[in-house]
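Novice: This is the content of coords_23.cif (mmCIF, C-alpha atoms):
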```cif
data_run
#
loop_
_atom_site.label_atom_id
_atom_site.label_comp_id
_atom_site.auth_asym_id
_atom_site.auth_seq_id
_atom_site.Cartn_x
_atom_site.Cartn_y
_atom_site.Cartn_z
CA MET J 246 104.48 31.68 143.30
CA PRO J 247 104.31 29.00 140.57
CA PRO J 248 104.40 25.41 141.80
CA SER J 249 107.81 23.82 141.73
CA ASP J 250 106.87 20.41 140.59
CA GLU J 251 106.20 19.46 137.00
CA GLU J 252 102.98 17.60 137.66
CA ASP J 253 101.42 20.64 139.33
CA ARG J 254 102.45 22.83 136.42
CA GLY J 255 100.60 20.47 134.13
CA PHE J 256 103.24 20.71 131.42
CA VAL J 257 103.47 18.31 128.52
CA LYS J 258 107.16 18.42 127.65
CA PRO J 259 107.98 18.56 123.91
CA VAL J 260 110.24 15.76 122.70
CA GLY J 261 113.92 16.59 123.14
CA GLN J 262 113.29 19.48 125.57
CA THR J 263 113.29 19.72 129.33
CA LEU J 264 110.69 21.56 131.37
CA THR J 265 113.23 24.34 131.97
CA ASP J 266 113.73 24.71 128.20
CA VAL J 267 110.00 25.19 127.71
CA ILE J 268 109.63 27.74 130.49
CA ASN J 269 112.67 29.75 129.42
CA GLU J 270 111.47 30.20 125.85
CA PRO J 271 109.03 32.92 124.75
CA CYS J 272 105.52 31.53 124.95
CA VAL J 273 101.96 32.50 124.25
CA GLU J 274 100.07 32.96 127.52
CA LEU J 275 96.44 33.09 128.38
CA ILE J 276 95.97 35.07 131.56
CA VAL J 277 92.55 33.94 132.73
CA THR J 278 90.99 35.92 135.57
CA PHE J 279 88.02 34.49 137.45
CA PHE J 280 85.88 37.15 139.13
CA GLU J 281 83.45 35.55 141.55
CA ILE J 282 79.92 36.94 141.38
CA ALA J 283 79.70 36.62 145.16
CA ARG J 284 82.19 39.48 145.56
CA HIS J 285 79.21 41.81 145.11
CA THR J 286 78.01 40.61 148.53
CA PRO J 287 80.42 41.96 151.18
CA ASP J 288 79.25 39.48 153.83
CA ILE J 289 80.87 36.56 151.98
CA LEU J 290 84.38 37.97 152.26
CA GLN J 291 84.72 37.23 155.95
CA ASP J 292 84.63 33.44 155.55
CA HIS J 293 85.65 33.24 151.91
CA LEU J 294 87.71 30.30 150.67
CA PRO J 295 89.56 30.48 147.34
CA PRO J 296 88.55 28.22 144.44
CA THR J 297 90.07 24.77 144.37
CA THR J 298 91.88 22.86 141.61
CA PRO J 299 88.80 21.39 139.87
CA ILE J 300 87.66 24.76 138.49
CA PHE J 301 91.03 25.38 136.85
CA GLU J 302 91.33 21.92 135.35
CA GLU J 303 87.72 22.09 134.20
CA PHE J 304 88.52 25.37 132.50
CA ARG J 305 91.56 23.84 130.80
CA ARG J 306 89.30 21.09 129.46
CA LEU J 307 86.84 23.75 128.30
CA LEU J 308 89.63 25.50 126.42
CA ALA J 309 90.65 22.23 124.81
CA ASP J 310 87.06 21.59 123.70
CA LEU J 311 86.52 25.11 122.34
CA ALA J 312 89.90 25.37 120.61
CA PRO J 313 90.89 21.78 119.76
CA THR J 314 93.76 22.77 117.45
CA SER J 315 95.71 24.43 120.30
CA ARG J 316 97.37 22.72 123.28
CA PHE J 317 96.81 24.25 126.73
CA THR J 318 98.56 23.56 130.00
CA ARG J 319 98.06 25.38 133.28
CA TYR J 320 101.31 26.90 134.49
CA SER J 321 100.37 28.61 137.72
CA THR J 322 97.56 30.12 139.76
CA TYR J 323 97.52 33.33 141.79
CA PHE J 324 95.05 34.60 144.39
CA PRO J 325 95.38 38.41 144.30
CA ALA J 326 92.16 38.99 146.26
CA PRO J 327 89.64 36.86 148.18
CA TYR J 328 87.19 36.89 145.28
CA ILE J 329 89.58 37.10 142.31
CA THR J 330 91.79 34.31 140.98
CA GLN J 331 94.20 34.24 138.04
CA SER J 332 95.49 31.22 136.20
CA ILE J 333 98.14 31.30 133.51
CA TYR J 334 97.67 28.77 130.73
CA ILE J 335 100.50 28.18 128.29
CA ILE J 336 99.61 27.59 124.66
CA GLN J 337 102.19 25.17 123.33
CA GLU J 338 103.06 24.62 119.70
CA PRO J 339 101.41 24.32 117.32
CA PHE J 340 99.88 27.72 118.20
CA ASN J 341 96.68 28.80 116.53
CA GLN J 342 95.25 32.30 116.93
CA GLU J 343 91.83 31.93 118.53
CA ASN J 344 88.96 34.39 118.65
CA TRP J 345 88.42 34.44 122.41
CA SER J 346 85.59 36.91 122.08
CA ALA J 347 83.65 34.47 119.90
CA LEU J 348 84.46 31.54 122.18
CA ARG J 349 83.25 33.54 125.19
CA HIS J 350 79.79 33.64 123.66
CA THR J 351 79.45 29.88 123.24
CA SER J 352 76.93 28.00 125.35
CA ALA J 353 79.71 25.87 126.88
CA PHE J 354 81.53 28.97 128.12
CA LYS J 355 78.34 30.48 129.53
CA ASN J 356 77.50 27.19 131.23
CA PHE J 357 80.93 27.17 132.88
CA GLU J 358 80.44 30.71 134.22
CA ASN J 359 76.96 29.86 135.49
CA LEU J 360 78.09 26.62 137.12
CA TYR J 361 81.01 28.19 138.99
CA LYS J 362 79.31 31.58 139.46
CA VAL J 363 82.14 33.56 137.94
CA GLU J 364 82.79 36.08 135.21
CA VAL J 365 85.87 35.18 133.20
CA ILE J 366 88.25 37.55 131.42
CA ILE J 367 90.61 35.91 128.91
CA ASP J 368 93.68 37.89 127.88
CA GLN J 369 96.15 36.45 125.38
CA HIS J 370 99.65 37.81 124.82
CA LEU J 371 103.19 36.76 123.92
CA ASN J 372 105.46 36.60 126.95
CA THR J 373 109.11 37.16 126.08
CA THR J 374 110.37 36.98 129.68
CA PRO J 375 112.12 33.85 131.02
CA THR J 376 109.13 32.82 133.16
CA PRO J 377 105.39 33.10 132.49
CA SER J 378 103.93 35.90 134.57
CA PRO J 379 100.58 37.60 135.21
CA ASN J 380 102.24 40.99 134.60
CA ARG J 381 100.46 41.75 131.35
CA PRO J 382 102.23 44.43 129.23
CA LEU J 383 100.11 47.58 128.98
CA LYS J 384 101.13 51.01 127.68
CA LEU J 385 97.88 52.76 126.67
CA ALA J 386 94.39 52.81 128.22
CA LEU J 387 91.39 54.58 126.67
CA PHE J 388 88.14 55.01 128.59
CA ASP J 389 84.61 56.12 127.91
CA MET J 390 83.41 58.84 130.30
CA ASP J 391 79.65 58.79 130.92
CA SER J 392 78.48 55.80 133.00
CA THR J 393 82.07 54.52 132.99
CA LEU J 394 84.50 56.93 134.66
CA ILE J 395 81.56 58.94 136.01
CA ASP J 396 78.22 57.64 137.22
CA GLN J 397 75.95 59.90 135.17
CA GLU J 398 75.17 60.67 131.54
CA VAL J 399 76.10 64.37 131.30
CA ILE J 400 73.67 65.14 128.51
CA ASP J 401 70.80 63.87 130.67
CA GLU J 402 71.92 66.18 133.49
CA LEU J 403 72.03 69.13 131.09
CA ALA J 404 68.54 68.30 129.89
CA ARG J 405 67.27 68.27 133.45
CA SER J 406 68.19 71.94 133.80
CA VAL J 407 65.75 72.95 131.04
CA GLY J 408 63.00 70.45 131.79
CA VAL J 409 63.50 68.03 128.91
CA SER J 410 65.24 65.24 130.80
CA ASP J 411 62.68 62.53 130.04
CA ALA J 412 62.80 63.09 126.29
CA VAL J 413 66.60 63.30 126.18
CA SER J 414 67.09 60.30 128.49
CA ALA J 415 64.86 58.15 126.29
CA ILE J 416 66.97 58.97 123.23
CA THR J 417 70.19 58.42 125.21
CA ALA J 418 69.07 54.96 126.30
CA ARG J 419 68.25 53.98 122.71
CA ALA J 420 71.57 55.34 121.46
CA MET J 421 73.61 53.51 124.11
CA ASN J 422 71.81 50.27 123.27
CA GLY J 423 72.63 50.77 119.59
CA ASP J 424 69.00 51.10 118.55
CA ILE J 425 69.61 54.41 116.73
CA ASP J 426 72.59 56.05 115.01
CA PHE J 427 74.78 57.83 117.58
CA ALA J 428 75.62 60.99 115.58
CA THR J 429 71.99 61.54 114.59
CA SER J 430 70.76 60.98 118.12
CA LEU J 431 73.42 63.33 119.52
CA LYS J 432 72.39 66.19 117.22
CA GLU J 433 68.75 65.62 118.15
CA ARG J 434 69.50 65.69 121.86
CA VAL J 435 71.83 68.70 121.63
CA GLY J 436 69.05 70.57 119.83
CA MET J 437 66.90 70.18 122.93
CA LEU J 438 69.58 71.90 125.04
CA LYS J 439 69.17 75.34 123.49
CA GLY J 440 68.98 77.89 126.27
CA VAL J 441 70.95 76.01 128.92
CA LYS J 442 73.05 78.54 130.85
CA THR J 443 76.78 78.16 130.33
CA THR J 444 77.20 78.34 134.10
CA VAL J 445 75.72 74.82 134.17
CA TRP J 446 79.21 73.32 133.87
CA GLU J 447 80.22 74.69 137.26
CA ASP J 448 76.98 73.35 138.73
CA LEU J 449 77.62 69.90 137.28
CA LYS J 450 81.09 69.74 138.82
CA GLU J 451 79.33 69.79 142.18
CA THR J 452 76.83 67.05 141.35
CA ILE J 453 78.63 64.66 138.97
CA THR J 454 80.15 61.72 140.85
CA ILE J 455 83.33 60.00 139.76
CA ALA J 456 82.77 56.24 139.56
CA GLU J 457 83.82 54.04 142.45
CA GLY J 458 87.42 52.93 141.99
CA ALA J 459 88.12 55.24 139.04
CA ARG J 460 90.72 57.30 140.90
CA GLU J 461 92.42 54.16 142.17
CA LEU J 462 92.39 52.58 138.72
CA ILE J 463 93.94 55.56 136.95
CA THR J 464 96.52 56.05 139.70
CA GLY J 465 97.46 52.37 139.48
CA LEU J 466 97.79 52.48 135.70
CA LYS J 467 99.86 55.65 135.72
CA SER J 468 102.19 54.15 138.34
CA ARG J 469 102.91 51.46 135.75
CA GLY J 470 103.71 54.08 133.11
CA VAL J 471 100.44 53.67 131.20
CA TYR J 472 99.27 56.59 129.03
CA THR J 473 95.65 57.22 130.00
CA ALA J 474 92.94 58.93 127.96
CA VAL J 475 89.20 59.49 127.79
CA ALA J 476 87.20 59.57 124.55
CA SER J 477 83.68 60.72 125.27
CA GLY J 478 80.48 61.11 123.33
CA GLY J 479 79.78 63.79 125.92
CA PHE J 480 81.15 67.30 126.03
CA THR J 481 84.51 69.01 126.35
CA PRO J 482 83.95 71.04 129.55
CA MET J 483 83.23 67.93 131.63
CA ALA J 484 85.83 65.77 129.88
CA GLU J 485 88.53 68.37 130.57
CA TRP J 486 87.37 68.64 134.18
CA LEU J 487 87.55 64.87 134.57
CA LYS J 488 90.99 64.82 132.97
CA GLY J 489 92.19 67.17 135.69
CA GLU J 490 90.44 65.29 138.48
CA LEU J 491 91.90 61.90 137.55
CA GLY J 492 95.22 63.00 136.08
CA LEU J 493 94.44 61.65 132.61
CA ASP J 494 96.85 62.50 129.82
CA ILE J 495 94.31 63.58 127.20
CA ALA J 496 90.57 64.11 126.78
CA VAL J 497 88.59 63.94 123.54
CA ALA J 498 84.92 64.99 123.50
CA ASN J 499 82.28 66.94 121.58
CA HIS J 500 82.28 70.75 121.30
CA LEU J 501 79.11 72.78 121.77
CA LEU J 502 78.43 76.21 120.29
CA VAL J 503 77.57 79.00 122.74
CA GLU J 504 75.38 82.03 122.03
CA GLU J 505 75.66 85.47 123.58
CA PRO J 506 72.76 86.92 125.62
CA THR J 507 69.60 87.85 123.72
CA GLU J 508 66.36 89.55 124.68
CA GLU J 509 64.72 86.17 125.09
CA LEU J 510 67.68 84.61 126.89
CA PRO J 511 69.60 87.40 128.66
CA PHE J 512 72.61 85.23 129.58
CA PRO J 513 75.26 83.23 127.70
CA HIS J 514 73.68 79.90 126.75
CA LEU J 515 74.03 76.79 124.66
CA SER J 516 72.91 77.29 121.07
CA GLY J 517 71.55 73.79 120.58
CA LEU J 518 74.22 73.09 117.98
CA LEU J 519 77.50 71.19 117.85
CA ASP J 520 80.55 73.15 116.73
CA PRO J 521 81.11 72.17 113.07
CA ALA J 522 84.81 73.02 113.40
CA PHE J 523 85.30 69.82 115.41
CA PRO J 524 84.40 66.23 114.51
CA ILE J 525 81.62 64.43 116.36
CA VAL J 526 82.97 61.76 118.68
CA THR J 527 81.30 58.85 116.93
CA PRO J 528 82.10 55.17 117.51
CA GLU J 529 84.46 55.40 114.54
CA LEU J 530 86.26 58.39 116.04
CA LYS J 531 86.68 56.60 119.37
CA ARG J 532 88.38 53.74 117.56
CA ALA J 533 90.46 56.18 115.50
CA THR J 534 91.53 57.92 118.73
CA LEU J 535 92.80 54.63 120.13
CA LEU J 536 94.67 53.83 116.93
CA SER J 537 96.19 57.31 116.59
CA LEU J 538 97.31 57.46 120.22
CA ALA J 539 98.91 54.03 119.88
CA ALA J 540 100.74 55.13 116.73
CA ALA J 541 101.82 58.46 118.23
CA HIS J 542 103.29 56.76 121.30
CA SER J 543 104.68 53.71 119.47
CA VAL J 544 102.45 51.36 121.42
CA PRO J 545 101.65 47.97 119.83
CA MET J 546 97.89 47.40 119.73
CA HIS J 547 98.18 44.28 121.86
CA GLU J 548 99.46 46.56 124.67
CA THR J 549 96.30 48.68 124.70
CA LEU J 550 93.18 48.62 126.89
CA ALA J 551 89.74 50.08 126.14
CA VAL J 552 86.84 50.26 128.61
CA GLY J 553 83.29 51.47 128.04
CA ASP J 554 79.63 50.71 128.59
CA GLY J 555 77.71 51.75 125.46
CA SER J 556 77.23 50.52 121.93
CA ASN J 557 79.26 53.52 120.73
CA ASP J 558 82.24 51.96 122.55
CA LEU J 559 82.16 48.62 120.76
CA LEU J 560 84.49 49.60 117.91
CA MET J 561 87.23 50.80 120.26
CA LEU J 562 86.72 47.74 122.48
CA GLY J 563 87.16 45.50 119.46
CA ALA J 564 90.32 47.31 118.31
CA ALA J 565 92.10 47.21 121.68
CA GLY J 566 94.42 44.46 122.80
CA LEU J 567 92.01 44.01 125.71
CA GLY J 568 88.52 45.48 125.32
CA ILE J 569 86.17 45.32 128.31
CA ALA J 570 82.53 46.33 128.56
CA TRP J 571 82.18 47.60 132.13
CA ARG J 572 78.73 47.34 133.74
CA ALA J 573 77.42 47.69 130.22
CA LYS J 574 74.02 47.59 128.62
CA VAL J 575 72.86 44.02 127.95
CA LYS J 576 73.34 44.22 124.18
CA VAL J 577 76.84 45.61 124.69
CA GLN J 578 77.83 42.85 127.12
CA ILE J 579 76.76 40.32 124.52
CA ALA J 580 78.68 41.96 121.68
CA ALA J 581 81.85 43.10 123.49
CA PRO J 582 85.13 41.13 123.37
CA MET J 583 85.08 40.77 127.17
CA ARG J 584 82.77 42.06 129.88
CA LEU J 585 82.87 42.59 133.62
CA ASN J 586 80.34 43.71 136.20
CA GLY J 587 81.28 44.91 139.65
CA GLU J 588 81.13 47.62 142.27
CA THR J 589 84.54 49.19 141.67
CA LEU J 590 86.63 49.95 138.58
CA ALA J 591 89.70 49.19 140.69
CA ASP J 592 88.95 45.50 140.05
CA LEU J 593 90.41 46.03 136.58
CA LEU J 594 93.85 46.53 138.10
CA TYR J 595 93.99 42.82 138.94
CA LEU J 596 94.07 42.04 135.22
CA PHE J 597 97.58 43.42 134.95
CA GLY J 598 99.45 41.48 137.59
CA PRO J 599 100.85 41.91 141.10
CA GLU J 600 102.65 45.16 140.28
CA SER J 601 99.24 46.81 140.11
CA ASP J 602 97.80 45.19 143.24
CA ARG J 603 96.18 47.66 145.59
#
```
Could you rewrite the structure in this file as structure tokens?

Specialist:
Amino acid sequence: MPPSDEEDRGFVKPVGQTLTDVINEPCVELIVTFFEIARHTPDILQDHLPPTTPIFEEFRRLLADLAPTSRFTRYSTYFPAPYITQSIYIIQEPFNQENWSALRHTSAFKNFENLYKVEVIIDQHLNTTPTPSPNRPLKLALFDMDSTLIDQEVIDELARSVGVSDAVSAITARAMNGDIDFATSLKERVGMLKGVKTTVWEDLKETITIAEGARELITGLKSRGVYTAVASGGFTPMAEWLKGELGLDIAVANHLLVEEPTEELPFPHLSGLLDPAFPIVTPELKRATLLSLAAAHSVPMHETLAVGDGSNDLLMLGAAGLGIAWRAKVKVQIAAPMRLNGETLADLLYLFGPESDR
């Protein structure tokens, strides 16, 4: 619970107003979540001690240095897990909209993370409730599929079945790093899949692994009434399967053309072509999917979440109210609004307050 005394809250009271007046008015909050790097080492949890006041006050000073035209005061601190801490910072008038993504990439911010051995997620929103709270409003969540909600890249697994995995994987890696155009690279890779048996989808359902914490994350979000979706640069059969496995509301992915048996290939097989009747799920289409779902469900963009790992996810990450690169490629971590590395996607639940605690 928030501290009861004014000094601990760190408030600077505006002239003519009491502390209660300030708290009971709508305010702009920064929910800052500190994820300790050491949480990746299970042995530390047994004797773990939570961070102490200096880290939070040092972060407030960092905010003041990076955004000198805004006034920050720490309202409260929560300890939802042994290795995760949240602090709420109030931005008092005059309020200036800051680009937290840009500030995250400054050397001062990186030095702070390195010094305290944490990864920091900054989430700004307007709180209209009487008391500042870590319960961040969220109504729509859009996820990438390959290497995000599942551990594999499906196209690489398809390529393995016809002996071209090395060639396809090399192109996939370049595409996910943003070194080559995604649509062009996808067509090139799909062309190498000609002849793959259509029964491969059933085989993949036995070998594809759902990412650690994905089920828990989606269940936690849906319990909060969040509309959940996947937009994948992969393919419809696996995206629809994953939708069913996780209970997602909608799946968007690429469509492949299938050919009937021939003399050379006496079984139904992939043609090596994308279905021209459907758009390619490009980075632009992922962003458009987020925007259209938000509009269709009357969700303000600041109440949206996007999570992905590849360069083709950056546009949707940038459009979301909170965009997070999860265990992403290095270039993507650098370019994304926010980033987080960890062992379980369920860690993301802590970003949305106690109601989503596991």

Novice: For the file shown, report as a list in words the outcome of the PyMOL selection byres ((chain J and resi 456) around 6) at residue level.

Specialist: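 Matching residues under the PyMOL selection byres ((chain J and resi 456) around 6) are Leu394, Ile395, Asp396, Ile455, Glu457 and Ala459 of chain J.
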
Novice: As a list in words, please: the residues near Thr443 of chain J (cut-off 7 Å, all atoms listed in the file, same-chain neighbours under 2 positions excluded).

Specialist: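 In the requested form, the answer reads Val441, Val445, Trp446, Pro513, His514 and Leu515 of chain J.
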
Novice: Could you list the residues chosen by the PyMOL selection byres ((chain J and resi 472) around 9) in this structure as a ChimeraX atom specification?

Specialist: /J:384-387,466-467,470-471,473-474,493-495,542

Novice: How would you write, as a list in words, the residues chosen by the PyMOL selection byres ((chain J and resi 435) around 8) on this structure?

Specialist: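 Selected by the PyMOL selection byres ((chain J and resi 435) around 8) here: Ile400, Leu431, Lys432, Glu433, Arg434, Gly436, Met437, Leu438, Lys439, Gly517, Leu518 and Leu519 of chain J.
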
Novice: Could you jot down the atom CA of Glu358 of chain J to atom CA of Ala283 of chain J separation for me, Å, one decimal place?

Specialist: 12.5 Å

Novice: Using only C-alpha atoms and a cutoff of 7 Å, can you tell me which residues are near (83.2, 60.3, 131.0) in the file's coordinates, and write them out as an NGL selection string?

Specialist: :J and (389-395 or 475 or 477 or 484)

Novice: Rank J:Gln337, J:Thr534, J:Thr417, J:Ser468 by their smallest atom-to-atom distance to Ala551 of chain J, using all atoms listed in the file, and report the top residue only.

Specialist: J:Thr534

Novice: Residues near segment 346-355 of chain J, anyone? I mean within 8 Å using all atoms listed in the file, not counting same-chain ones fewer than 5 positions away, as an mmCIF file with C-alpha atoms, in the coordinates of the input.

Specialist:
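File produced: part_28.cif:
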```
data_model
loop_
_atom_site.group_PDB
_atom_site.id
_atom_site.type_symbol
_atom_site.label_atom_id
_atom_site.label_comp_id
_atom_site.auth_asym_id
_atom_site.auth_seq_id
_atom_site.Cartn_x
_atom_site.Cartn_y
_atom_site.Cartn_z
ATOM 1 C CA LEU J 307 86.840 23.750 128.300
ATOM 2 C CA LEU J 311 86.520 25.110 122.340
ATOM 3 C CA ILE J 579 76.760 40.320 124.520
ATOM 4 C CA ALA J 581 81.850 43.100 123.490
ATOM 5 C CA PRO J 582 85.130 41.130 123.370
ATOM 6 C CA MET J 583 85.080 40.770 127.170
#
```

Novice: Extract, using only C-alpha atoms, all DNA, RNA and protein residues at most 9 Å from Gly555 of chain J, discarding same-chain residues fewer than 3 positions from it, and format them as a PDB file with C-alpha atoms, in the coordinates of the input.

Specialist:
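Okay, this is what ended up in part20.pdb:
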```pdb
ATOM      1  CA  ASP J 389      84.610  56.120 127.910  1.00  0.00           C
ATOM      2  CA  SER J 392      78.480  55.800 133.000  1.00  0.00           C
ATOM      3  CA  ALA J 420      71.570  55.340 121.460  1.00  0.00           C
ATOM      4  CA  MET J 421      73.610  53.510 124.110  1.00  0.00           C
ATOM      5  CA  ASN J 422      71.810  50.270 123.270  1.00  0.00           C
ATOM      6  CA  GLY J 423      72.630  50.770 119.590  1.00  0.00           C
ATOM      7  CA  ASP J 558      82.240  51.960 122.550  1.00  0.00           C
ATOM      8  CA  LEU J 559      82.160  48.620 120.760  1.00  0.00           C
ATOM      9  CA  ALA J 570      82.530  46.330 128.560  1.00  0.00           C
ATOM     10  CA  ALA J 573      77.420  47.690 130.220  1.00  0.00           C
ATOM     11  CA  LYS J 574      74.020  47.590 128.620  1.00  0.00           C
ATOM     12  CA  LYS J 576      73.340  44.220 124.180  1.00  0.00           C
ATOM     13  CA  VAL J 577      76.840  45.610 124.690  1.00  0.00           C
TER      14      VAL J 577
END
```

Novice: Give me, please, the distance in Å between atom CA of Tyr328 of chain J and atom CA of Leu590 of chain J, quoted to one decimal.

Specialist: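 Atom-to-atom, atom CA of Tyr328 of chain J and atom CA of Leu590 of chain J are spaced 14.7 Å apart.
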
Novice: Go through J:Leu536, J:Leu462, J:Val409, J:Leu371 and flag the residue nearest Val273 of chain J, using only C-alpha atoms for the distances.

Specialist: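 Smallest distance to Val273 of chain J is found for J:Leu371.
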
Novice: Just give me the gap between atom CA of Asn380 of chain J and atom CA of Glu274 of chain J in Å, one decimal is fine.

Specialist: 10.9 Å

Novice: Between J:Glu509, J:Gln369, J:Cys272, J:Gly408, which residue has the minimum interatomic distance to Pro382 of chain J, considering all atoms listed in the file?

Specialist: J:Gln369

Novice: Show me the residues around (91.6, 38.7, 144.4) - criterion: an atom at most 9 Å away, only C-alpha atoms counted - as a list in words.

Specialist: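 Result, sorted by chain then residue number: Phe279, Phe280, Pro295, Tyr323, Phe324, Pro325, Ala326, Pro327, Tyr328, Ile329, Thr330, Gln331, Asp592 and Tyr595 of chain J.
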
Novice: May I have the residues within 9 Å of Val399 of chain J as a list in words, using only C-alpha atoms and disregarding those fewer than 5 positions away in the same chain?

Specialist: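 Once the nearby chain positions are removed, what remains is Asp391, Ala404, Leu449, Ile453, Gly479, Phe480 and Met483 of chain J.
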
Novice: When distances are computed from all atoms listed in the file, which of J:Val503, J:Ala565, J:Ala498, J:Val552 shows the smallest separation from Arg532 of chain J?

Specialist: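 So, comparing all the options, the nearest one is J:Ala565.
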
Novice: To test the calculation: enclose all listed atoms of segment 509-515 of chain J in a box whose edges run along x, y and z, add 8 Å on each side, then state centre and edge lengths in Å to one decimal, as lines of an AutoDock Vina configuration file.

Specialist:
```
center_x = 70.0
center_y = 82.1
center_z = 127.1
size_x = 26.5
size_y = 26.6
size_z = 20.9
```
